[in-house]
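A quick write-up on the structure given underneath.
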Amino acid sequence: MKRLLPVFPAYATPLDKAGWWALRIACISVLVFLLAPILVIIPLSFSDSSFLVYPIPGWSLKWYENLFTSPEWVRAAKNSFIIAPAATLIATVLGTLAAVGLVRTNFPFKGALMSVLIAPMVVPIVVVGVSTYLFFANLGLADTYLALIIVHAALGAPFVLTTVLATLQGFNQNLVRASLSLGENPLSTFFRITLPVIAPGVISGALFAFATSFDEVVVILFLAGPDQVTLPRQMFTGIRENITPTIAAVATLLILFTTSLLLVLEWLRGRRR
């Protein structure tokens, strides 16, 4: 019990102690305020009512059964697990190569290039949706998996880039120079020396890219056709047209999935430290 209590320095005044507790209470209150709407959804997914209501009249798993048996939801899940992994793979490769190239070389306008590469993180997603639709529509690629994968890869690559760049800041470049001086070629040096060291950063960036693609809905609304509906778009359509507890079931599974990704990220950060 004593370990759970804070150990204040000898010079701490009562006001300092009160400020410490006030800060912790405020942080916990904000956290509860942010998490409460999310946690409220979980019990609703087990309700036997056809409406999202409290108090819950009874308990049932029928909405999970409907989720796994409904053709619309199954198709949406299939599309999400087609688009997100493909986009993540492309984003991880491009983001990692860009990060390694930016760290190893110095050239004019390097900062400007970095700004361009991370632009998808700051440009409003509606602007991205409209511009990519106009671009791919002229190429005849609208309503295709290829267009969605390319755009989602572009949205995820900046996360990989920034994460790998942060990892490379502590990388000893002398290891690469030593490998090259011993006759190893650059490609083999990258896979045998650089990549194992920066692997936690690469994996972290890939997880961010996957979550970005998996949760994205605005670009899907612009680019996807009836055959490319993903889980976020199916949820959006369900909320707009007919709200059922099936949406709560999907939301619960997505919460568990996202939480698992965050736990993996924290584990990788611990390994990196």
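Chains: A, B, ... in order of the structure tokens. Residues: from 1 per chain. Ligands: from 1, in order shown.
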
Which residues come within 9 Å of Ile198 of chain A, counting only C-alpha atoms, excluding same-chain residues fewer than 6 positions away, as a ChimeraX atom specification? /A:164,167-168,171,272

What are the nearest atom pairs, with distances in Å to one decimal, for all residues of segment 102-154 of chain A that come at most 9 Å from segment 72-86 of chain A, using only C-alpha atoms, set out by chain and rising residue number as a Markdown table?
```
| residue | atom | partner | partner_atom | distance |
| --- | --- | --- | --- | --- |
| A:Tyr145 | CA | A:Ile83 | CA | 7.0 |
| A:Leu146 | CA | A:Ile83 | CA | 8.7 |
| A:Leu148 | CA | A:Ile83 | CA | 7.1 |
| A:Ile149 | CA | A:Ile83 | CA | 5.6 |
| A:Ile150 | CA | A:Ala86 | CA | 9.0 |
| A:His152 | CA | A:Ala84 | CA | 7.6 |
| A:Ala153 | CA | A:Ala86 | CA | 8.1 |
```

Pull the alpha helix (DSSP H) assignments for segment 112-270 of chain A out of DSSP run on the backbone, and list those residues as a PyMOL selection string. chain A and resi 112-117+119-122+125-139+145-168+174-181+186-189+195-215+218-223+231-241+245-270

List the spatial neighbours of segment 254-264 of chain A as a compact mmCIF listing (two decimals) with C-alpha atoms, in the first residue's frame - criterion: any atom at most 12 Å away, only C-alpha atoms, same-chain residues fewer than 6 positions off excluded.
```txt
# COMPACT_ATOMS: atom_id res chain seq x y z
CA LEU A 35 -13.83 6.89 -21.96
CA PRO A 37 -19.14 7.24 -24.02
CA ILE A 38 -17.01 4.38 -25.36
CA LEU A 39 -17.61 2.08 -22.42
CA VAL A 40 -21.36 2.72 -22.51
CA ILE A 41 -21.52 1.06 -25.94
CA ILE A 42 -20.20 -2.31 -24.75
CA ALA A 77 -15.23 -7.00 -42.76
CA SER A 80 -11.48 -3.98 -44.45
CA PRO A 200 10.38 -1.79 -33.11
CA ILE A 203 6.41 -2.22 -36.43
CA SER A 204 4.99 0.67 -34.40
CA GLY A 205 4.61 2.75 -37.54
CA ALA A 206 3.00 -0.18 -39.34
CA LEU A 207 0.45 -0.55 -36.55
CA PHE A 208 -0.39 3.15 -36.76
CA ALA A 209 -0.75 2.86 -40.53
CA PHE A 210 -3.00 -0.18 -40.16
CA ALA A 211 -5.23 1.58 -37.63
CA THR A 212 -5.42 4.65 -39.87
CA PHE A 214 -8.85 0.31 -40.89
CA ASP A 215 -10.74 3.21 -39.25
CA LEU A 231 -16.66 -1.72 -41.72
CA PRO A 232 -16.49 2.02 -40.93
CA MET A 235 -21.37 1.51 -39.62
CA ILE A 247 -23.48 -1.44 -34.68
CA ALA A 248 -22.75 -1.64 -30.95
CA GLY A 270 9.24 -0.98 -23.66
CA ARG A 271 11.40 -3.27 -25.80
```

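Contact shell of Phe136 of chain A at 12 Å (only C-alpha atoms; same-chain neighbours under 2 positions omitted): Val128, Gly129, Val130, Ser131, Thr132, Tyr133, Leu134, Asn138, Leu139, Gly140, Leu141, Ala142, Asp143, Thr144, Tyr145, Leu146, Ala147, Leu148, Ile150, Val151, Val219, Phe222, Leu223 and Ala224 of chain A.
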
What is the atom CA of Gly58 of chain A-atom CA of Ile239 of chain A distance in Å, reported with one decimal?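 Separation of atom CA of Gly58 of chain A and atom CA of Ile239 of chain A: 22.5 Å.
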
Expressed in Å to a single decimal, how great is the separation between atom CA of Leu89 of chain A and atom CA of Pro158 of chain A?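 These atoms are spaced 13.2 Å apart.
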
As an exercise, work out the distance from atom CA of Ala87 of chain A to atom CA of Leu155 of chain A in Å and give it to one decimal place.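 Atom-to-atom, atom CA of Ala87 of chain A to atom CA of Leu155 of chain A, that is 9.0 Å.
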
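If you measure from each of A:Val218, A:Leu61, A:Leu67, A:Leu180 to Val250 of chain A using only C-alpha atoms, the closest one turns out to be A:Leu67.
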